[in-house]
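Chemist: Pasting run23.pdb here (PDB, C-alpha atoms):
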ATOM      1  CA  MET A   1     104.323 395.368  78.369
ATOM      2  CA  PRO A   2     105.441 391.813  79.159
ATOM      3  CA  HIS A   3     109.167 391.338  79.583
ATOM      4  CA  ASP A   4     111.109 390.170  76.517
ATOM      5  CA  TRP A   5     113.011 387.165  77.869
ATOM      6  CA  LEU A   6     114.360 385.882  74.570
ATOM      7  CA  PRO A   7     117.595 387.934  74.523
ATOM      8  CA  LEU A   8     118.469 386.466  77.919
ATOM      9  CA  LEU A   9     117.663 382.932  76.760
ATOM     10  CA  HIS A  10     119.844 383.376  73.678
ATOM     11  CA  GLU A  11     122.720 384.648  75.816
ATOM     12  CA  LEU A  12     122.396 381.667  78.145
ATOM     13  CA  ALA A  13     122.230 379.322  75.147
ATOM     14  CA  ASP A  14     125.397 380.847  73.672
ATOM     15  CA  ARG A  15     127.248 380.006  76.878
ATOM     16  CA  ALA A  16     125.769 376.518  76.993
ATOM     17  CA  ASP A  17     126.706 375.836  73.371
ATOM     18  CA  GLU A  18     130.327 376.820  74.007
ATOM     19  CA  ILE A  19     130.607 374.191  76.718
ATOM     20  CA  SER A  20     128.643 371.345  75.166
ATOM     21  CA  THR A  21     130.378 371.592  71.786
ATOM     22  CA  ARG A  22     133.753 371.498  73.500
ATOM     23  CA  TYR A  23     132.886 368.153  75.089
ATOM     24  CA  PHE A  24     130.882 366.642  72.216
ATOM     25  CA  ARG A  25     132.632 363.571  70.773
ATOM     26  CA  SER A  26     135.539 364.179  73.111
ATOM     27  CA  SER A  27     137.544 361.244  74.424
ATOM     28  CA  GLU A  28     137.698 363.035  77.771
ATOM     29  CA  LEU A  29     134.020 363.022  78.740
ATOM     30  CA  PRO A  30     133.278 361.335  82.077
ATOM     31  CA  VAL A  31     129.880 359.614  81.986
ATOM     32  CA  GLU A  32     128.059 358.323  85.057
ATOM     33  CA  ARG A  33     124.691 356.747  85.807
ATOM     34  CA  LYS A  34     122.228 358.329  88.195
ATOM     35  CA  PRO A  35     120.128 356.177  90.568
ATOM     36  CA  ASP A  36     117.339 356.115  87.941
ATOM     37  CA  ARG A  37     119.893 354.728  85.426
ATOM     38  CA  SER A  38     119.795 357.870  83.261
ATOM     39  CA  LEU A  39     123.161 359.283  82.249
ATOM     40  CA  VAL A  40     124.922 362.405  83.409
ATOM     41  CA  THR A  41     128.181 363.789  82.023
ATOM     42  CA  LYS A  42     130.656 366.446  83.046
ATOM     43  CA  ALA A  43     129.173 368.601  80.293
ATOM     44  CA  ASP A  44     125.665 368.451  81.839
ATOM     45  CA  LEU A  45     127.008 369.686  85.160
ATOM     46  CA  GLU A  46     129.191 372.424  83.679
ATOM     47  CA  VAL A  47     126.476 373.731  81.371
ATOM     48  CA  GLU A  48     123.936 374.064  84.158
ATOM     49  CA  SER A  49     126.456 375.681  86.505
ATOM     50  CA  ALA A  50     127.460 378.195  83.824
ATOM     51  CA  VAL A  51     123.828 379.011  83.019
ATOM     52  CA  ARG A  52     123.069 379.576  86.697
ATOM     53  CA  ASP A  53     126.153 381.774  87.162
ATOM     54  CA  LEU A  54     125.286 383.943  84.183
ATOM     55  CA  LEU A  55     121.649 384.207  85.243
ATOM     56  CA  ALA A  56     122.739 385.352  88.712
ATOM     57  CA  LYS A  57     124.657 388.217  87.073
ATOM     58  CA  ARG A  58     121.916 389.235  84.652
ATOM     59  CA  HIS A  59     118.774 388.631  86.747
ATOM     60  CA  PRO A  60     119.606 387.749  90.362
ATOM     61  CA  GLU A  61     115.939 388.080  91.321
ATOM     62  CA  LEU A  62     114.944 385.027  89.260
ATOM     63  CA  GLY A  63     114.600 381.536  90.631
ATOM     64  CA  VAL A  64     116.103 378.521  88.874
ATOM     65  CA  PHE A  65     114.799 374.991  88.485
ATOM     66  CA  GLY A  66     117.209 372.602  86.781
ATOM     67  CA  GLU A  67     117.770 368.921  86.196
ATOM     68  CA  GLU A  68     121.212 368.661  87.761
ATOM     69  CA  HIS A  69     121.289 371.225  90.570
ATOM     70  CA  GLY A  70     117.677 371.346  91.704
ATOM     71  CA  GLU A  71     115.688 374.422  92.673
ATOM     72  CA  HIS A  72     116.782 377.846  93.848
ATOM     73  CA  GLN A  73     114.023 380.124  95.081
ATOM     74  CA  GLY A  74     114.097 383.594  93.594
ATOM     75  CA  GLN A  75     112.672 386.890  94.825
ATOM     76  CA  SER A  76     109.833 386.975  92.304
ATOM     77  CA  GLY A  77     107.219 384.656  90.847
ATOM     78  CA  THR A  78     109.431 384.097  87.806
ATOM     79  CA  ARG A  79     112.067 381.422  87.297
ATOM     80  CA  LEU A  80     114.290 379.848  84.681
ATOM     81  CA  ILE A  81     113.784 376.158  83.961
ATOM     82  CA  VAL A  82     116.871 374.489  82.481
ATOM     83  CA  ASP A  83     117.802 371.106  81.085
ATOM     84  CA  PRO A  84     121.525 371.528  80.402
ATOM     85  CA  ILE A  85     121.675 368.667  77.911
ATOM     86  CA  ASP A  86     118.491 367.005  76.779
ATOM     87  CA  ALA A  87     119.192 363.584  75.242
ATOM     88  CA  THR A  88     122.335 363.057  77.308
ATOM     89  CA  ALA A  89     122.494 359.443  76.078
ATOM     90  CA  ASN A  90     122.729 360.732  72.506
ATOM     91  CA  PHE A  91     125.377 363.251  73.535
ATOM     92  CA  ALA A  92     127.442 360.611  75.317
ATOM     93  CA  ARG A  93     127.303 358.286  72.300
ATOM     94  CA  GLY A  94     128.236 360.998  69.797
ATOM     95  CA  LEU A  95     124.774 361.417  68.262
ATOM     96  CA  PRO A  96     124.242 365.068  67.288
ATOM     97  CA  ILE A  97     120.595 365.115  68.395
ATOM     98  CA  TYR A  98     120.981 366.832  71.772
ATOM     99  CA  ALA A  99     120.072 370.289  73.040
ATOM    100  CA  THR A 100     120.043 372.727  75.913
ATOM    101  CA  LEU A 101     116.461 373.518  76.915
ATOM    102  CA  LEU A 102     115.641 376.876  78.520
ATOM    103  CA  ALA A 103     112.287 378.328  79.546
ATOM    104  CA  ILE A 104     110.886 381.171  81.616
ATOM    105  CA  GLU A 105     107.979 380.354  83.917
ATOM    106  CA  GLU A 106     105.921 383.231  85.323
ATOM    107  CA  ASP A 107     103.414 382.311  88.018
ATOM    108  CA  GLY A 108     103.091 378.777  86.677
ATOM    109  CA  GLU A 109     102.834 379.681  82.976
ATOM    110  CA  ILE A 110     105.622 379.161  80.442
ATOM    111  CA  VAL A 111     105.997 382.504  78.690
ATOM    112  CA  ALA A 112     109.180 381.960  76.676
ATOM    113  CA  GLY A 113     111.292 379.028  75.602
ATOM    114  CA  LEU A 114     114.404 378.202  73.622
ATOM    115  CA  VAL A 115     115.929 374.960  72.347
ATOM    116  CA  ALA A 116     119.589 375.153  71.308
ATOM    117  CA  ALA A 117     120.958 372.197  69.339
ATOM    118  CA  PRO A 118     124.487 373.246  68.372
ATOM    119  CA  ALA A 119     125.507 369.992  66.681
ATOM    120  CA  LEU A 120     122.462 370.357  64.404
ATOM    121  CA  HIS A 121     123.223 374.086  63.931
ATOM    122  CA  GLN A 122     119.639 374.883  64.858
ATOM    123  CA  ARG A 123     117.870 376.917  67.488
ATOM    124  CA  TRP A 124     114.118 377.156  68.073
ATOM    125  CA  HIS A 125     112.440 379.797  70.211
ATOM    126  CA  ALA A 126     109.062 381.243  71.099
ATOM    127  CA  ALA A 127     107.516 383.884  73.320
ATOM    128  CA  ARG A 128     103.890 383.769  74.348
ATOM    129  CA  GLY A 129     101.758 385.546  71.756
ATOM    130  CA  GLU A 130     104.729 386.252  69.467
ATOM    131  CA  GLY A 131     104.942 383.057  67.383
ATOM    132  CA  ALA A 132     107.539 380.304  67.165
ATOM    133  CA  PHE A 133     110.704 380.426  65.086
ATOM    134  CA  CYS A 134     113.708 378.424  63.974
ATOM    135  CA  GLY A 135     116.222 381.216  63.513
ATOM    136  CA  THR A 136     114.224 383.814  61.598
ATOM    137  CA  ARG A 137     111.879 381.293  59.976
ATOM    138  CA  ARG A 138     108.401 381.238  61.473
ATOM    139  CA  LEU A 139     107.086 377.791  62.354
ATOM    140  CA  ARG A 140     103.679 376.375  61.474
ATOM    141  CA  VAL A 141     102.311 372.952  62.300
ATOM    142  CA  SER A 142     101.001 370.792  59.477
ATOM    143  CA  ARG A 143      97.441 370.766  58.193
ATOM    144  CA  VAL A 144      97.082 366.984  57.996
ATOM    145  CA  THR A 145      93.729 365.953  59.433
ATOM    146  CA  ALA A 146      93.599 362.162  58.965
ATOM    147  CA  ILE A 147      95.587 359.796  61.168
ATOM    148  CA  GLU A 148      96.152 357.479  58.203
ATOM    149  CA  ASP A 149      98.037 360.339  56.519
ATOM    150  CA  ALA A 150     100.058 361.236  59.622
ATOM    151  CA  GLN A 151     103.741 360.919  60.376
ATOM    152  CA  VAL A 152     104.280 360.015  64.038
ATOM    153  CA  PHE A 153     107.481 360.464  66.045
ATOM    154  CA  HIS A 154     108.404 358.467  69.142
ATOM    155  CA  GLY A 155     111.315 357.414  71.353
ATOM    156  CA  SER A 156     112.120 354.068  72.975
ATOM    157  CA  LEU A 157     109.502 351.337  72.629
ATOM    158  CA  ALA A 158     111.123 348.823  74.996
ATOM    159  CA  GLY A 159     113.969 348.359  77.428
ATOM    160  CA  THR A 160     114.790 350.295  80.579
ATOM    161  CA  GLU A 161     113.154 353.501  79.311
ATOM    162  CA  ALA A 162     109.774 351.795  78.863
ATOM    163  CA  VAL A 163     106.834 352.551  81.181
ATOM    164  CA  PRO A 164     103.292 351.108  81.087
ATOM    165  CA  ALA A 165     102.117 353.783  78.637
ATOM    166  CA  THR A 166     104.874 352.768  76.216
ATOM    167  CA  ALA A 167     102.914 349.627  75.366
ATOM    168  CA  ARG A 168     100.166 351.846  73.894
ATOM    169  CA  ILE A 169     102.438 353.577  71.380
ATOM    170  CA  PRO A 170     102.470 350.757  68.760
ATOM    171  CA  GLY A 171      98.690 351.074  68.556
ATOM    172  CA  LEU A 172      99.089 354.700  67.524
ATOM    173  CA  LEU A 173     101.854 353.867  65.069
ATOM    174  CA  ALA A 174      99.728 351.161  63.461
ATOM    175  CA  GLN A 175      97.088 353.730  62.564
ATOM    176  CA  SER A 176      99.528 356.172  60.990
ATOM    177  CA  TRP A 177     101.048 356.446  57.545
ATOM    178  CA  ARG A 178     104.677 356.711  58.600
ATOM    179  CA  GLN A 179     106.693 356.441  61.819
ATOM    180  CA  ARG A 180     110.137 357.563  62.927
ATOM    181  CA  GLY A 181     111.901 356.864  66.227
ATOM    182  CA  VAL A 182     113.426 360.310  66.713
ATOM    183  CA  GLY A 183     112.712 360.821  70.419
ATOM    184  CA  ASP A 184     113.668 363.507  72.927
ATOM    185  CA  PHE A 185     113.241 367.223  72.172
ATOM    186  CA  TYR A 186     113.749 366.836  68.435
ATOM    187  CA  GLN A 187     110.527 364.983  67.698
ATOM    188  CA  HIS A 188     108.506 367.830  69.195
ATOM    189  CA  MET A 189     110.415 370.463  67.261
ATOM    190  CA  LEU A 190     109.643 368.479  64.109
ATOM    191  CA  VAL A 191     105.949 368.668  65.007
ATOM    192  CA  ALA A 192     106.289 372.443  65.414
ATOM    193  CA  GLU A 193     108.108 372.553  62.068
ATOM    194  CA  GLY A 194     105.196 370.779  60.342
ATOM    195  CA  CYS A 195     107.372 367.759  59.485
ATOM    196  CA  GLY A 196     105.027 365.393  61.295
ATOM    197  CA  GLU A 197     101.726 365.395  63.128
ATOM    198  CA  LEU A 198     102.337 363.708  66.495
ATOM    199  CA  GLY A 199     105.237 363.291  68.928
ATOM    200  CA  VAL A 200     104.909 361.143  72.033
ATOM    201  CA  ASP A 201     107.033 360.902  75.203
ATOM    202  CA  PRO A 202     105.429 358.663  77.860
ATOM    203  CA  ILE A 203     107.900 359.648  80.582
ATOM    204  CA  VAL A 204     109.503 363.097  80.892
ATOM    205  CA  GLN A 205     110.337 365.702  83.527
ATOM    206  CA  PRO A 206     109.279 369.376  83.676
ATOM    207  CA  TRP A 207     112.650 370.578  82.333
ATOM    208  CA  ASP A 208     112.232 368.238  79.343
ATOM    209  CA  ILE A 209     108.897 369.825  78.480
ATOM    210  CA  ALA A 210     108.964 373.521  79.404
ATOM    211  CA  PRO A 211     110.299 375.217  76.235
ATOM    212  CA  LEU A 212     108.760 372.594  73.958
ATOM    213  CA  LEU A 213     105.262 373.449  75.179
ATOM    214  CA  VAL A 214     105.417 377.132  74.274
ATOM    215  CA  ILE A 215     107.186 376.497  70.953
ATOM    216  CA  VAL A 216     104.639 373.906  69.798
ATOM    217  CA  GLU A 217     101.699 376.022  70.953
ATOM    218  CA  GLU A 218     103.027 379.176  69.296
ATOM    219  CA  ALA A 219     103.437 377.163  66.079
ATOM    220  CA  GLY A 220      99.713 376.405  66.242
ATOM    221  CA  GLY A 221      99.845 372.962  67.823
ATOM    222  CA  LEU A 222      98.887 371.386  71.127
ATOM    223  CA  ALA A 223     101.072 370.009  73.929
ATOM    224  CA  THR A 224      99.594 367.980  76.789
ATOM    225  CA  THR A 225     100.260 364.889  78.842
ATOM    226  CA  VAL A 226      99.141 361.596  77.290
ATOM    227  CA  GLU A 227      96.032 361.965  79.482
ATOM    228  CA  GLY A 228      95.263 365.372  77.974
ATOM    229  CA  GLU A 229      96.402 367.668  80.796
ATOM    230  CA  ARG A 230      98.124 370.884  79.753
ATOM    231  CA  SER A 231     100.966 370.861  82.263
ATOM    232  CA  ILE A 232     104.726 370.471  82.339
ATOM    233  CA  TYR A 233     104.365 368.598  85.625
ATOM    234  CA  GLY A 234     102.276 365.643  84.407
ATOM    235  CA  GLY A 235     105.172 363.302  83.610
ATOM    236  CA  SER A 236     104.472 362.745  79.899
ATOM    237  CA  LEU A 237     104.178 364.727  76.678
ATOM    238  CA  LEU A 238     102.051 364.433  73.565
ATOM    239  CA  THR A 239     102.503 367.120  70.934
ATOM    240  CA  SER A 240     100.457 367.460  67.784
ATOM    241  CA  ASN A 241      99.327 369.733  65.009
ATOM    242  CA  GLY A 242      96.074 370.150  66.947
ATOM    243  CA  ALA A 243      93.873 368.439  64.377
ATOM    244  CA  LEU A 244      95.114 364.992  65.375
ATOM    245  CA  HIS A 245      95.520 365.513  69.111
ATOM    246  CA  ALA A 246      92.324 363.636  69.955
ATOM    247  CA  ALA A 247      93.503 360.696  67.859
ATOM    248  CA  GLY A 248      96.725 360.582  69.838
ATOM    249  CA  LEU A 249      94.996 360.853  73.198
ATOM    250  CA  SER A 250      92.501 358.112  72.338
ATOM    251  CA  VAL A 251      95.291 355.515  72.267
ATOM    252  CA  PHE A 252      96.207 356.276  75.890
ATOM    253  CA  ALA A 253      92.643 356.644  77.222
TER     254      ALA A 253
END
I need this file expressed as structure tokens, please.
Modeler:
Amino acid sequence: MPHDWLPLLHELADRADEISTRYFRSSELPVERKPDRSLVTKADLEVESAVRDLLAKRHPELGVFGEEHGEHQGQSGTRLIVDPIDATANFARGLPIYATLLAIEEDGEIVAGLVAAPALHQRWHAARGEGAFCGTRRLRVSRVTAIEDAQVFHGSLAGTEAVPATARIPGLLAQSWRQRGVGDFYQHMLVAEGCGELGVDPIVQPWDIAPLLVIVEEAGGLATTVEGERSIYGGSLLTSNGALHAAGLSVFA
């Protein structure tokens, strides 16, 4: 029997939510820029530290790979991947679209994932082979099969977050029925929910992707890089309902 990691992920998310909600929209939230110009706050650092401390008590054999405190080698081939606050820029500006991202990787495969968005009062989770859920509600991707009927989600289209692949996104949007600039984790959860057909992130890190991949796949969709590689280490993310994945990839080919 494979290990049921979801109770652990929920416990870690409970601790993370306590910290992030305490700082959210607080006037006492130090915000700094990293060398890559992305933001980091006191909440990011505290959440990841608390998650690591709790993990060490519950499963000291596990490794940890996180955005803020790097990698700790465990005693097994299993590790926790953590993004303490995904969409830190939203968090710092008081936008409620932020989340703690948690995933379990066993020998290179993501086997369980959880996205906790306390300001949205929502939590999504999935375990490999067990389906994807928002709370107790099972998730299913949409059945839309024509790009001209599709709703497409995206993040920044210009500015400091743009990369060469960003210039291809308007070509995808032009083919679609409707477009929304949601960005970050939330666009991919909306794909898993069946609220849209495609979500595109041309530049992301493994901790941004890990739980999203298993949740989208367990909802019946696909999650790859914009080049079509199924990996959390490819630097980009395209999620879809499956039927329109080729249409999304064709724009970046």
Chemist: Between A:Val82, A:Leu249, A:Ile209, A:Leu95, which residue has the minimum interatomic distance to Gly70 in chain A, considering all atoms listed in the file?
Modeler: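 Of A:Val82, A:Leu249, A:Ile209, A:Leu95, the one nearest Gly70 in chain A, counting all atoms listed in the file, is A:Val82.
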Chemist: Which residue, A:Ala247, A:Leu55, A:Ile232, A:Leu222, has the smallest gap to Glu148 in chain A when you use all atoms listed in the file?
Modeler: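 Residue with the minimum atom-to-atom distance to Glu148 in chain A: A:Ala247.
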Chemist: Taking (104.7, 379.1, 79.6) as a centre in this file's frame and 9 Å as the limit, can you find every polymer residue with an atom that close, using only C-alpha atoms, and give them as number ranges by chain?
Modeler: A: 103-106, 108-113, 127-128, 210-211, 213-214
Chemist: Which of these residues is nearest to Ser27 in chain A, using all atoms listed in the file: A:Gly235, A:Pro164, A:Pro84, A:Gly94?
Modeler: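 Between A:Gly235, A:Pro164, A:Pro84, A:Gly94, the residue approaching Ser27 in chain A most closely is A:Gly94.
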Chemist: I'd like the residues picked by the PyMOL selection byres ((chain A and resi 156) around 10) written out as a VMD selection string, using the chain letters and numbers from the file.
Modeler: chain A and resid 154 to 155 157 to 163 166 169 181 to 184 201 to 202
Chemist: Would you kindly translate the PyMOL selection byres ((chain A and resi 218) around 8) into the concrete residues it picks from this file, as an MDAnalysis selection string?
Modeler: chainID A and resid 126:132 214:217 219:221
Chemist: Could you list the residues chosen by the PyMOL selection byres ((chain A and resi 30) around 10) in this structure as a PyMOL selection string?
Modeler: chain A and resi 23+26-29+31-32+40-43+92
Chemist: What would the file look like if the residues just selected were written as an mmCIF file, in the coordinates of the input with C-alpha atoms?
Modeler:
data_model
loop_
_atom_site.group_PDB
_atom_site.id
_atom_site.type_symbol
_atom_site.label_atom_id
_atom_site.label_comp_id
_atom_site.auth_asym_id
_atom_site.auth_seq_id
_atom_site.Cartn_x
_atom_site.Cartn_y
_atom_site.Cartn_z
ATOM 1 C CA TYR A 23 132.886 368.153 75.089
ATOM 2 C CA SER A 26 135.539 364.179 73.111
ATOM 3 C CA SER A 27 137.544 361.244 74.424
ATOM 4 C CA GLU A 28 137.698 363.035 77.771
ATOM 5 C CA LEU A 29 134.020 363.022 78.740
ATOM 6 C CA VAL A 31 129.880 359.614 81.986
ATOM 7 C CA GLU A 32 128.059 358.323 85.057
ATOM 8 C CA VAL A 40 124.922 362.405 83.409
ATOM 9 C CA THR A 41 128.181 363.789 82.023
ATOM 10 C CA LYS A 42 130.656 366.446 83.046
ATOM 11 C CA ALA A 43 129.173 368.601 80.293
ATOM 12 C CA ALA A 92 127.442 360.611 75.317
#
Chemist: By how many Å are CA of Cys134 in chain A and CA of Gln122 in chain A apart?
Modeler: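 CA of Cys134 in chain A sits 7.0 Å away from CA of Gln122 in chain A.
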Chemist: Neighbouring residues of Leu173 in chain A were defined as those with any atom within 12 Å, considering all atoms listed in the file; residues of the same chain fewer than 5 positions away were excluded. Please report them as a list in words.
Modeler: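 The filter keeps Ile147, Glu148, Asp149, Ala150, Gln151, Val152, Phe153, His154, Gly155, Leu157, Thr166, Ala167, Arg168, Arg178, Gln179, Arg180, Gly181, Glu197, Leu198, Gly199, Val200, Ala247, Gly248 and Val251 of chain A.
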Chemist: Could you give me the centre and size, in Å to one decimal, of an axis-aligned box around all listed atoms of range 186-189 of chain A with 5 Å added on every side, as lines of an AutoDock Vina configuration file?
Modeler:
center_x = 111.1
center_y = 367.7
center_z = 68.2
size_x = 15.2
size_y = 15.5
size_z = 11.9
Chemist: What is the distance, in Å and to one decimal place, between CA of Phe133 in chain A and CA of Pro96 in chain A?
Modeler: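 Spanning CA of Phe133 in chain A to CA of Pro96 in chain A is a straight-line distance of 20.6 Å.
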Chemist: What is the CA of Glu46 in chain A to CA of His121 in chain A distance in Å?
Modeler: 20.7 Å
Chemist: Tell me which of A:Arg15, A:His69, A:Arg230, A:Arg22 sits closest to Phe91 in chain A, counting all atoms listed in the file.
Modeler: A:Arg22
Chemist: Determine the nearest neighbour of Glu193 in chain A from the options A:Trp124, A:Trp177, A:Phe252, A:Tyr233, counting all atoms listed in the file.
Modeler: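 That would be A:Trp124, the residue with the smallest distance to Glu193 in chain A.
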Chemist: Which residues of range 62-166 of chain A sit at most 10 Å from range 239-243 of chain A, using only C-alpha atoms? Give each one's shortest atom pair and distance in Å (one decimal place), in chain and ascending residue order, as JSON lines.
Modeler:
{"residue": "A:Arg140", "atom": "CA", "partner": "A:Asn241", "partner_atom": "CA", "distance": 8.7}
{"residue": "A:Val141", "atom": "CA", "partner": "A:Asn241", "partner_atom": "CA", "distance": 5.2}
{"residue": "A:Ser142", "atom": "CA", "partner": "A:Asn241", "partner_atom": "CA", "distance": 5.9}
{"residue": "A:Arg143", "atom": "CA", "partner": "A:Asn241", "partner_atom": "CA", "distance": 7.1}
{"residue": "A:Val144", "atom": "CA", "partner": "A:Ala243", "partner_atom": "CA", "distance": 7.3}
{"residue": "A:Thr145", "atom": "CA", "partner": "A:Ala243", "partner_atom": "CA", "distance": 5.5}
{"residue": "A:Ala146", "atom": "CA", "partner": "A:Ala243", "partner_atom": "CA", "distance": 8.3}
{"residue": "A:Ile147", "atom": "CA", "partner": "A:Ala243", "partner_atom": "CA", "distance": 9.4}
{"residue": "A:Val152", "atom": "CA", "partner": "A:Ser240", "partner_atom": "CA", "distance": 9.2}
{"residue": "A:Phe153", "atom": "CA", "partner": "A:Thr239", "partner_atom": "CA", "distance": 9.6}
Chemist: Here is a test: counting all atoms listed in the file, which residue of A:Thr21, A:Ser250, A:Thr88, A:Gln205 is nearest to Gly228 in chain A?
Modeler: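 When distances to Gly228 in chain A are compared using all atoms listed in the file, the smallest one comes from A:Ser250.
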Chemist: Would you kindly return, as a list in words, each protein, DNA or RNA residue with an atom no farther than 9 Å from any atom of Gly66 in chain A, considering only C-alpha atoms and excluding same-chain residues fewer than 5 positions away?
Modeler: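 Answer for this query is Glu48, Glu71, His72, Leu80, Ile81, Val82, Asp83, Pro84 and Trp207 of chain A.
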